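A.B. asks: My structure is in start.cif, and what it holds is mmCIF, N, CA and C atoms and all ligand atoms:
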data_upload
#
loop_
_atom_site.label_atom_id
_atom_site.label_comp_id
_atom_site.auth_asym_id
_atom_site.auth_seq_id
_atom_site.Cartn_x
_atom_site.Cartn_y
_atom_site.Cartn_z
N MET B 1 -4.84 101.58 96.32
CA MET B 1 -5.43 102.91 96.47
C MET B 1 -6.73 103.00 95.66
N SER B 2 -7.80 103.34 96.31
CA SER B 2 -9.07 103.44 95.59
C SER B 2 -9.10 104.69 94.73
N LYS B 3 -9.95 104.67 93.72
CA LYS B 3 -10.06 105.82 92.82
C LYS B 3 -10.50 107.07 93.58
N LEU B 4 -11.44 106.82 94.51
CA LEU B 4 -11.99 107.94 95.28
C LEU B 4 -10.88 108.62 96.09
N PHE B 5 -10.06 107.79 96.71
CA PHE B 5 -8.99 108.32 97.55
C PHE B 5 -8.01 109.15 96.71
N LYS B 6 -7.70 108.61 95.50
CA LYS B 6 -6.78 109.33 94.61
C LYS B 6 -7.33 110.71 94.28
N ARG B 7 -8.65 110.75 94.03
CA ARG B 7 -9.27 112.02 93.67
C ARG B 7 -9.18 113.01 94.85
N ASP B 8 -9.45 112.49 96.04
CA ASP B 8 -9.36 113.33 97.24
C ASP B 8 -7.94 113.86 97.43
N LEU B 9 -7.00 112.96 97.18
CA LEU B 9 -5.59 113.34 97.35
C LEU B 9 -5.23 114.47 96.38
N ALA B 10 -5.72 114.31 95.14
CA ALA B 10 -5.44 115.35 94.13
C ALA B 10 -6.03 116.68 94.57
N LEU B 11 -7.21 116.62 95.16
CA LEU B 11 -7.88 117.84 95.63
C LEU B 11 -7.08 118.50 96.75
N ILE B 12 -6.63 117.64 97.69
CA ILE B 12 -5.84 118.16 98.82
C ILE B 12 -4.56 118.82 98.32
N VAL B 13 -3.90 118.15 97.36
CA VAL B 13 -2.67 118.71 96.81
C VAL B 13 -2.96 120.05 96.14
N ALA B 14 -4.09 120.12 95.42
CA ALA B 14 -4.46 121.35 94.73
C ALA B 14 -4.68 122.48 95.74
N ILE B 15 -5.32 122.14 96.86
CA ILE B 15 -5.59 123.15 97.90
C ILE B 15 -4.28 123.64 98.51
N ILE B 16 -3.38 122.69 98.78
CA ILE B 16 -2.08 123.07 99.36
C ILE B 16 -1.32 123.98 98.39
N LEU B 17 -1.33 123.64 97.10
CA LEU B 17 -0.62 124.45 96.11
C LEU B 17 -1.22 125.85 96.02
N ALA B 18 -2.55 125.91 96.08
CA ALA B 18 -3.23 127.21 96.02
C ALA B 18 -2.85 128.06 97.23
N ALA B 19 -2.79 127.40 98.41
CA ALA B 19 -2.43 128.10 99.64
C ALA B 19 -0.99 128.62 99.54
N LEU B 20 -0.11 127.79 98.99
CA LEU B 20 1.29 128.19 98.83
C LEU B 20 1.40 129.38 97.88
N ALA B 21 0.61 129.32 96.80
CA ALA B 21 0.64 130.41 95.82
C ALA B 21 0.18 131.72 96.46
N LEU B 22 -0.87 131.63 97.28
CA LEU B 22 -1.38 132.81 97.97
C LEU B 22 -0.34 133.36 98.94
N TRP B 23 0.30 132.45 99.65
CA TRP B 23 1.31 132.86 100.62
C TRP B 23 2.47 133.55 99.89
N GLY B 24 2.86 132.97 98.76
CA GLY B 24 3.94 133.54 97.97
C GLY B 24 3.59 134.93 97.47
N ALA B 25 2.34 135.08 97.03
CA ALA B 25 1.90 136.38 96.51
C ALA B 25 1.90 137.43 97.61
N SER B 26 1.44 137.05 98.81
CA SER B 26 1.41 138.02 99.90
C SER B 26 2.83 138.38 100.33
N ALA B 27 3.75 137.42 100.23
CA ALA B 27 5.15 137.69 100.57
C ALA B 27 5.73 138.70 99.59
N LEU B 28 5.31 138.62 98.34
CA LEU B 28 5.81 139.54 97.32
C LEU B 28 5.36 140.96 97.59
N PHE B 29 4.16 141.10 98.13
CA PHE B 29 3.62 142.44 98.32
C PHE B 29 3.99 143.03 99.68
N LYS B 30 4.70 142.27 100.46
CA LYS B 30 5.13 142.77 101.76
C LYS B 30 6.02 143.98 101.61
N LYS B 31 5.84 144.96 102.46
CA LYS B 31 6.63 146.17 102.39
C LYS B 31 7.92 146.06 103.21
N GLU B 32 7.97 145.07 104.07
CA GLU B 32 9.13 144.94 104.93
C GLU B 32 10.38 144.72 104.10
N GLY B 33 11.47 145.30 104.55
CA GLY B 33 12.71 145.12 103.83
C GLY B 33 12.94 146.19 102.78
N GLU B 34 11.94 147.04 102.57
CA GLU B 34 12.11 148.11 101.61
C GLU B 34 12.54 149.38 102.34
N SER B 35 13.30 150.19 101.64
CA SER B 35 13.80 151.40 102.28
C SER B 35 13.61 152.59 101.34
N VAL B 36 13.71 153.75 101.93
CA VAL B 36 13.55 154.99 101.18
C VAL B 36 14.92 155.67 101.11
N GLU B 37 15.37 155.89 99.89
CA GLU B 37 16.67 156.51 99.70
C GLU B 37 16.47 157.96 99.30
N VAL B 38 17.01 158.86 100.09
CA VAL B 38 16.88 160.29 99.80
C VAL B 38 18.23 160.80 99.32
N ARG B 39 18.22 161.41 98.14
CA ARG B 39 19.46 161.95 97.60
C ARG B 39 19.36 163.46 97.42
N LEU B 40 20.45 164.14 97.72
CA LEU B 40 20.51 165.59 97.54
C LEU B 40 21.60 165.88 96.52
N ARG B 41 21.22 166.45 95.39
CA ARG B 41 22.14 166.73 94.29
C ARG B 41 23.02 165.52 93.96
N GLY B 42 22.38 164.36 93.90
CA GLY B 42 23.08 163.14 93.50
C GLY B 42 23.79 162.42 94.64
N GLU B 43 23.99 163.09 95.75
CA GLU B 43 24.67 162.46 96.88
C GLU B 43 23.65 161.81 97.80
N LEU B 44 24.00 160.64 98.32
CA LEU B 44 23.12 159.97 99.26
C LEU B 44 22.99 160.82 100.53
N TYR B 45 21.77 161.18 100.86
CA TYR B 45 21.55 162.06 102.02
C TYR B 45 21.05 161.26 103.21
N ALA B 46 20.11 160.35 102.97
CA ALA B 46 19.58 159.55 104.07
C ALA B 46 18.89 158.31 103.53
N VAL B 47 18.87 157.26 104.34
CA VAL B 47 18.11 156.06 104.02
C VAL B 47 17.18 155.78 105.19
N LEU B 48 15.90 155.66 104.89
CA LEU B 48 14.91 155.42 105.94
C LEU B 48 14.19 154.11 105.68
N PRO B 49 13.87 153.36 106.73
CA PRO B 49 13.07 152.15 106.51
C PRO B 49 11.64 152.54 106.13
N LEU B 50 11.08 151.82 105.16
CA LEU B 50 9.73 152.18 104.68
C LEU B 50 8.65 151.75 105.66
N ASN B 51 8.99 150.83 106.55
CA ASN B 51 7.96 150.33 107.47
C ASN B 51 7.95 151.07 108.81
N LYS B 52 8.64 152.19 108.87
CA LYS B 52 8.68 152.97 110.11
C LYS B 52 8.35 154.42 109.78
N ASN B 53 7.31 154.95 110.42
CA ASN B 53 6.91 156.33 110.15
C ASN B 53 8.01 157.30 110.56
N ALA B 54 8.27 158.27 109.69
CA ALA B 54 9.32 159.24 109.96
C ALA B 54 9.09 160.51 109.16
N GLU B 55 9.73 161.56 109.61
CA GLU B 55 9.68 162.82 108.88
C GLU B 55 11.10 163.34 108.81
N LEU B 56 11.55 163.65 107.60
CA LEU B 56 12.94 164.06 107.40
C LEU B 56 13.01 165.42 106.73
N ASP B 57 13.74 166.31 107.34
CA ASP B 57 13.96 167.62 106.76
C ASP B 57 15.26 167.57 105.96
N VAL B 58 15.18 167.84 104.67
CA VAL B 58 16.36 167.79 103.82
C VAL B 58 16.91 169.21 103.65
N GLU B 59 17.82 169.57 104.50
CA GLU B 59 18.51 170.87 104.42
C GLU B 59 17.54 172.06 104.32
N GLY B 60 16.36 171.91 104.87
CA GLY B 60 15.39 172.99 104.79
C GLY B 60 14.76 173.14 103.41
N LEU B 61 15.09 172.25 102.49
CA LEU B 61 14.58 172.34 101.11
C LEU B 61 13.24 171.63 100.97
N CYS B 62 13.22 170.39 101.47
CA CYS B 62 12.04 169.54 101.36
C CYS B 62 11.81 168.84 102.69
N THR B 63 10.58 168.48 102.93
CA THR B 63 10.30 167.59 104.04
C THR B 63 9.76 166.29 103.46
N VAL B 64 10.49 165.21 103.72
CA VAL B 64 10.11 163.90 103.22
C VAL B 64 9.45 163.14 104.35
N VAL B 65 8.30 162.56 104.07
CA VAL B 65 7.55 161.85 105.09
C VAL B 65 7.41 160.38 104.72
N VAL B 66 7.63 159.51 105.70
CA VAL B 66 7.34 158.08 105.54
C VAL B 66 6.17 157.79 106.45
N GLU B 67 5.10 157.26 105.88
CA GLU B 67 3.89 157.05 106.65
C GLU B 67 3.16 155.82 106.15
N ASP B 68 2.94 154.87 107.04
CA ASP B 68 2.18 153.66 106.72
C ASP B 68 2.67 152.96 105.45
N GLY B 69 3.98 152.82 105.35
CA GLY B 69 4.54 152.08 104.22
C GLY B 69 4.59 152.85 102.92
N GLU B 70 4.36 154.15 103.00
CA GLU B 70 4.44 154.99 101.81
C GLU B 70 5.33 156.18 102.12
N THR B 71 5.85 156.78 101.07
CA THR B 71 6.65 157.98 101.29
C THR B 71 6.25 159.07 100.30
N TYR B 72 6.34 160.31 100.74
CA TYR B 72 5.99 161.42 99.87
C TYR B 72 6.69 162.70 100.35
N VAL B 73 6.70 163.69 99.48
CA VAL B 73 7.26 164.99 99.85
C VAL B 73 6.12 165.83 100.41
N LYS B 74 6.24 166.15 101.68
CA LYS B 74 5.16 166.86 102.37
C LYS B 74 5.19 168.35 102.02
N SER B 75 6.37 168.92 102.03
CA SER B 75 6.47 170.33 101.69
C SER B 75 7.82 170.58 101.05
N SER B 76 7.88 171.62 100.26
CA SER B 76 9.11 171.92 99.55
C SER B 76 9.18 173.42 99.28
N THR B 77 10.40 173.90 99.15
CA THR B 77 10.58 175.33 98.90
C THR B 77 10.52 175.65 97.40
N CYS B 78 10.44 174.61 96.58
CA CYS B 78 10.48 174.84 95.13
C CYS B 78 9.21 175.55 94.66
N ARG B 79 9.29 176.10 93.44
CA ARG B 79 8.19 176.90 92.95
C ARG B 79 7.09 176.05 92.31
N ASN B 80 7.47 175.02 91.55
CA ASN B 80 6.43 174.32 90.79
C ASN B 80 5.64 173.30 91.62
N LYS B 81 6.18 172.89 92.76
CA LYS B 81 5.48 171.99 93.69
C LYS B 81 5.10 170.63 93.07
N LEU B 82 5.81 170.25 92.02
CA LEU B 82 5.52 168.95 91.39
C LEU B 82 5.74 167.81 92.39
N CYS B 83 6.78 167.97 93.21
CA CYS B 83 7.10 166.93 94.18
C CYS B 83 5.99 166.80 95.23
N GLU B 84 5.48 167.94 95.68
CA GLU B 84 4.41 167.91 96.68
C GLU B 84 3.14 167.29 96.13
N ASN B 85 2.90 167.53 94.85
CA ASN B 85 1.67 167.02 94.25
C ASN B 85 1.77 165.58 93.80
N HIS B 86 2.99 165.03 93.84
CA HIS B 86 3.17 163.63 93.44
C HIS B 86 2.48 162.72 94.44
N ARG B 87 1.83 161.68 93.92
CA ARG B 87 1.18 160.74 94.83
C ARG B 87 2.23 160.02 95.68
N PRO B 88 1.84 159.54 96.87
CA PRO B 88 2.80 158.78 97.70
C PRO B 88 3.28 157.53 96.96
N ILE B 89 4.53 157.19 97.14
CA ILE B 89 5.08 156.00 96.49
C ILE B 89 5.40 154.95 97.54
N SER B 90 5.36 153.68 97.12
CA SER B 90 5.58 152.62 98.09
C SER B 90 6.27 151.40 97.48
N ARG B 91 6.47 151.38 96.18
CA ARG B 91 7.03 150.19 95.55
C ARG B 91 8.45 150.43 95.08
N ALA B 92 9.25 149.37 95.18
CA ALA B 92 10.65 149.46 94.79
C ALA B 92 10.78 150.00 93.37
N GLY B 93 11.65 150.96 93.20
CA GLY B 93 11.89 151.53 91.89
C GLY B 93 11.16 152.82 91.63
N GLU B 94 10.17 153.15 92.46
CA GLU B 94 9.43 154.38 92.26
C GLU B 94 10.21 155.57 92.84
N THR B 95 10.05 156.71 92.22
CA THR B 95 10.80 157.90 92.63
C THR B 95 9.91 159.13 92.64
N VAL B 96 10.12 159.98 93.63
CA VAL B 96 9.57 161.33 93.60
C VAL B 96 10.77 162.26 93.54
N ALA B 97 10.76 163.18 92.61
CA ALA B 97 11.91 164.07 92.47
C ALA B 97 11.49 165.51 92.61
N CYS B 98 12.34 166.26 93.26
CA CYS B 98 12.18 167.71 93.28
C CYS B 98 13.37 168.25 92.51
N LEU B 99 13.16 168.47 91.22
CA LEU B 99 14.27 168.88 90.37
C LEU B 99 14.85 170.24 90.74
N PRO B 100 14.02 171.25 91.04
CA PRO B 100 14.61 172.55 91.39
C PRO B 100 15.55 172.47 92.60
N ASN B 101 15.24 171.61 93.56
CA ASN B 101 16.07 171.48 94.76
C ASN B 101 17.10 170.36 94.64
N GLY B 102 17.03 169.58 93.60
CA GLY B 102 17.97 168.47 93.41
C GLY B 102 17.77 167.35 94.39
N VAL B 103 16.53 167.18 94.84
CA VAL B 103 16.23 166.12 95.81
C VAL B 103 15.46 164.99 95.13
N THR B 104 15.90 163.76 95.33
CA THR B 104 15.14 162.62 94.84
C THR B 104 14.85 161.67 95.99
N VAL B 105 13.67 161.10 95.97
CA VAL B 105 13.24 160.13 96.97
C VAL B 105 12.89 158.85 96.21
N THR B 106 13.60 157.77 96.50
CA THR B 106 13.41 156.53 95.75
C THR B 106 13.16 155.38 96.72
N VAL B 107 12.20 154.52 96.38
CA VAL B 107 11.97 153.32 97.18
C VAL B 107 12.89 152.23 96.68
N LYS B 108 13.64 151.64 97.59
CA LYS B 108 14.62 150.61 97.25
C LYS B 108 14.25 149.30 97.93
N LYS B 109 14.56 148.24 97.22
CA LYS B 109 14.35 146.91 97.79
C LYS B 109 15.67 146.50 98.44
N GLU B 110 15.59 146.10 99.68
CA GLU B 110 16.80 145.66 100.36
C GLU B 110 16.95 144.15 100.24
N GLY B 111 18.14 143.68 100.41
CA GLY B 111 18.39 142.25 100.39
C GLY B 111 18.53 141.72 98.97
N GLY B 112 18.73 140.41 98.85
CA GLY B 112 19.01 139.83 97.56
C GLY B 112 17.80 139.56 96.69
N ALA B 113 16.63 139.34 97.32
CA ALA B 113 15.45 139.00 96.54
C ALA B 113 15.02 140.18 95.69
N ASP B 114 15.25 140.09 94.41
CA ASP B 114 14.88 141.22 93.56
C ASP B 114 13.78 140.84 92.59
N PHE B 115 12.99 139.85 92.95
CA PHE B 115 11.84 139.49 92.11
C PHE B 115 10.61 140.18 92.65
N TYR B 116 10.02 140.98 91.84
CA TYR B 116 8.75 141.61 92.22
C TYR B 116 7.98 141.94 90.94
N VAL B 117 6.69 142.04 91.09
CA VAL B 117 5.85 142.25 89.90
C VAL B 117 5.62 143.73 89.66
ZN ZN X 1 9.79 170.33 94.38
#
Could you write out this file's structure as structure tokens?
C.D. replies:
Amino acid sequence: MSKLFKRDLALIVAIILAALALWGASALFKKEGESVEVRLRGELYAVLPLNKNAELDVEGLCTVVVEDGETYVKSSTCRNKLCENHRPISRAGETVACLPNGVTVTVKKEGGADFYV
């Protein structure tokens, strides 16, 4: 094996590793497989897929919207409107809560892979 060839081989391996790293990173940021868990006074009320647009009315208290991989409280009957003013959430573990109405909206990771940054 010539020295030049070895160097080229090392370069090719480096490129492949970089490509794999990029692919792995994009897989980590994928929204697929994540779901939105809506709870009413601690009880599970509904589970919605995060990758499918939807609008859910929670007992006339709140309207929860799933849109383009994000979820947020569109409207609520509560007085302080903290839930409505909360930015849309999209990552596993994030929560929007409407404390006066006892409604929580949490993004959950489905499946066994629980590694995320
Ligand atoms: Zn609220």
A.B. asks: Would you mind listing what lies within 7 Å of segment 62-68 of chain B as a list of chain:residue names, with all atoms listed in the file counted and same-chain residues fewer than 4 positions away left out?
C.D. replies: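 The neighbour list is B:Leu50, B:Asn51, B:Lys52, B:Asn53, B:Ala54, B:Glu55, B:Leu56, B:Asp57, B:Val58, B:Tyr72, B:Val73, B:Lys74, B:Ser75, B:Ser76, B:Thr77.
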A.B. asks: Atom CA of Val47 of chain B to atom C of Lys81 of chain B: how many Å, to one decimal?
C.D. replies: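 Interatomic distance here is 22.4 Å.
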A.B. asks: Around ligand ZN 1 (chain X), at most 8 Å away and counting only C-alpha atoms and all ligand atoms, which residues are there? Put them as a list in words, please.
C.D. replies: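 Based on only C-alpha atoms and all ligand atoms, ligand ZN 1 (chain X) is surrounded within 8 Å by Cys62, Ser76, Thr77, Cys78, Arg79, Asn80, Lys81, Leu82, Cys83, Glu84, Ala97, Cys98, Leu99, Pro100, Asn101 and Val103 of chain B.
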A.B. asks: So how many Å separate atom CA of Glu94 of chain B and atom CA of Leu61 of chain B, to one decimal?
C.D. replies: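 Calculated distance between atom CA of Glu94 of chain B and atom CA of Leu61 of chain B is 20.7 Å.
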A.B. asks: Using only N, CA and C atoms, can you tell me which of B:Glu110, B:Asn85, B:Leu9, B:Thr104 comes closest to Arg41 of chain B?
C.D. replies: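 Comparing B:Glu110, B:Asn85, B:Leu9, B:Thr104 against Arg41 of chain B, the winner is B:Thr104.
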A.B. asks: Report, in Å with one decimal, the straight-line distance from atom CA of Asp8 of chain B to atom CA of Trp23 of chain B.
C.D. replies: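 Separation of atom CA of Asp8 of chain B and atom CA of Trp23 of chain B: 22.5 Å.
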A.B. asks: Per DSSP on the backbone, what are the strand (DSSP E) residues of segment 61-116 of chain B, as a list in words?
C.D. replies: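 Reading the DSSP output for segment 61-116 of chain B, strand (DSSP E) covers Cys62, Thr63, Val64, Val65, Val66, Glu67, Glu70, Thr71, Tyr72, Val73, Lys74, Ser75, Ser76, Thr95, Val96, Ala97, Cys98, Val103, Thr104, Val105, Thr106, Val107, Lys108 and Lys109 of chain B.
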A.B. asks: Take the residues that were just selected and, keeping N, CA and C atoms, output them as an mmCIF file, keeping the file's coordinate frame.
C.D. replies:
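File result_7.cif, as written:
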data_model
loop_
_atom_site.group_PDB
_atom_site.id
_atom_site.type_symbol
_atom_site.label_atom_id
_atom_site.label_comp_id
_atom_site.auth_asym_id
_atom_site.auth_seq_id
_atom_site.Cartn_x
_atom_site.Cartn_y
_atom_site.Cartn_z
ATOM 1 N N CYS B 62 13.220 170.390 101.470
ATOM 2 C CA CYS B 62 12.040 169.540 101.360
ATOM 3 C C CYS B 62 11.810 168.840 102.690
ATOM 4 N N THR B 63 10.580 168.480 102.930
ATOM 5 C CA THR B 63 10.300 167.590 104.040
ATOM 6 C C THR B 63 9.760 166.290 103.460
ATOM 7 N N VAL B 64 10.490 165.210 103.720
ATOM 8 C CA VAL B 64 10.110 163.900 103.220
ATOM 9 C C VAL B 64 9.450 163.140 104.350
ATOM 10 N N VAL B 65 8.300 162.560 104.070
ATOM 11 C CA VAL B 65 7.550 161.850 105.090
ATOM 12 C C VAL B 65 7.410 160.380 104.720
ATOM 13 N N VAL B 66 7.630 159.510 105.700
ATOM 14 C CA VAL B 66 7.340 158.080 105.540
ATOM 15 C C VAL B 66 6.170 157.790 106.450
ATOM 16 N N GLU B 67 5.100 157.260 105.880
ATOM 17 C CA GLU B 67 3.890 157.050 106.650
ATOM 18 C C GLU B 67 3.160 155.820 106.150
ATOM 19 N N GLU B 70 4.360 154.150 103.000
ATOM 20 C CA GLU B 70 4.440 154.990 101.810
ATOM 21 C C GLU B 70 5.330 156.180 102.120
ATOM 22 N N THR B 71 5.850 156.780 101.070
ATOM 23 C CA THR B 71 6.650 157.980 101.290
ATOM 24 C C THR B 71 6.250 159.070 100.300
ATOM 25 N N TYR B 72 6.340 160.310 100.740
ATOM 26 C CA TYR B 72 5.990 161.420 99.870
ATOM 27 C C TYR B 72 6.690 162.700 100.350
ATOM 28 N N VAL B 73 6.700 163.690 99.480
ATOM 29 C CA VAL B 73 7.260 164.990 99.850
ATOM 30 C C VAL B 73 6.120 165.830 100.410
ATOM 31 N N LYS B 74 6.240 166.150 101.680
ATOM 32 C CA LYS B 74 5.160 166.860 102.370
ATOM 33 C C LYS B 74 5.190 168.350 102.020
ATOM 34 N N SER B 75 6.370 168.920 102.030
ATOM 35 C CA SER B 75 6.470 170.330 101.690
ATOM 36 C C SER B 75 7.820 170.580 101.050
ATOM 37 N N SER B 76 7.880 171.620 100.260
ATOM 38 C CA SER B 76 9.110 171.920 99.550
ATOM 39 C C SER B 76 9.180 173.420 99.280
ATOM 40 N N THR B 95 10.050 156.710 92.220
ATOM 41 C CA THR B 95 10.800 157.900 92.630
ATOM 42 C C THR B 95 9.910 159.130 92.640
ATOM 43 N N VAL B 96 10.120 159.980 93.630
ATOM 44 C CA VAL B 96 9.570 161.330 93.600
ATOM 45 C C VAL B 96 10.770 162.260 93.540
ATOM 46 N N ALA B 97 10.760 163.180 92.610
ATOM 47 C CA ALA B 97 11.910 164.070 92.470
ATOM 48 C C ALA B 97 11.490 165.510 92.610
ATOM 49 N N CYS B 98 12.340 166.260 93.260
ATOM 50 C CA CYS B 98 12.180 167.710 93.280
ATOM 51 C C CYS B 98 13.370 168.250 92.510
ATOM 52 N N VAL B 103 16.530 167.180 94.840
ATOM 53 C CA VAL B 103 16.230 166.120 95.810
ATOM 54 C C VAL B 103 15.460 164.990 95.130
ATOM 55 N N THR B 104 15.900 163.760 95.330
ATOM 56 C CA THR B 104 15.140 162.620 94.840
ATOM 57 C C THR B 104 14.850 161.670 95.990
ATOM 58 N N VAL B 105 13.670 161.100 95.970
ATOM 59 C CA VAL B 105 13.240 160.130 96.970
ATOM 60 C C VAL B 105 12.890 158.850 96.210
ATOM 61 N N THR B 106 13.600 157.770 96.500
ATOM 62 C CA THR B 106 13.410 156.530 95.750
ATOM 63 C C THR B 106 13.160 155.380 96.720
ATOM 64 N N VAL B 107 12.200 154.520 96.380
ATOM 65 C CA VAL B 107 11.970 153.320 97.180
ATOM 66 C C VAL B 107 12.890 152.230 96.680
ATOM 67 N N LYS B 108 13.640 151.640 97.590
ATOM 68 C CA LYS B 108 14.620 150.610 97.250
ATOM 69 C C LYS B 108 14.250 149.300 97.930
ATOM 70 N N LYS B 109 14.560 148.240 97.220
ATOM 71 C CA LYS B 109 14.350 146.910 97.790
ATOM 72 C C LYS B 109 15.670 146.500 98.440
#
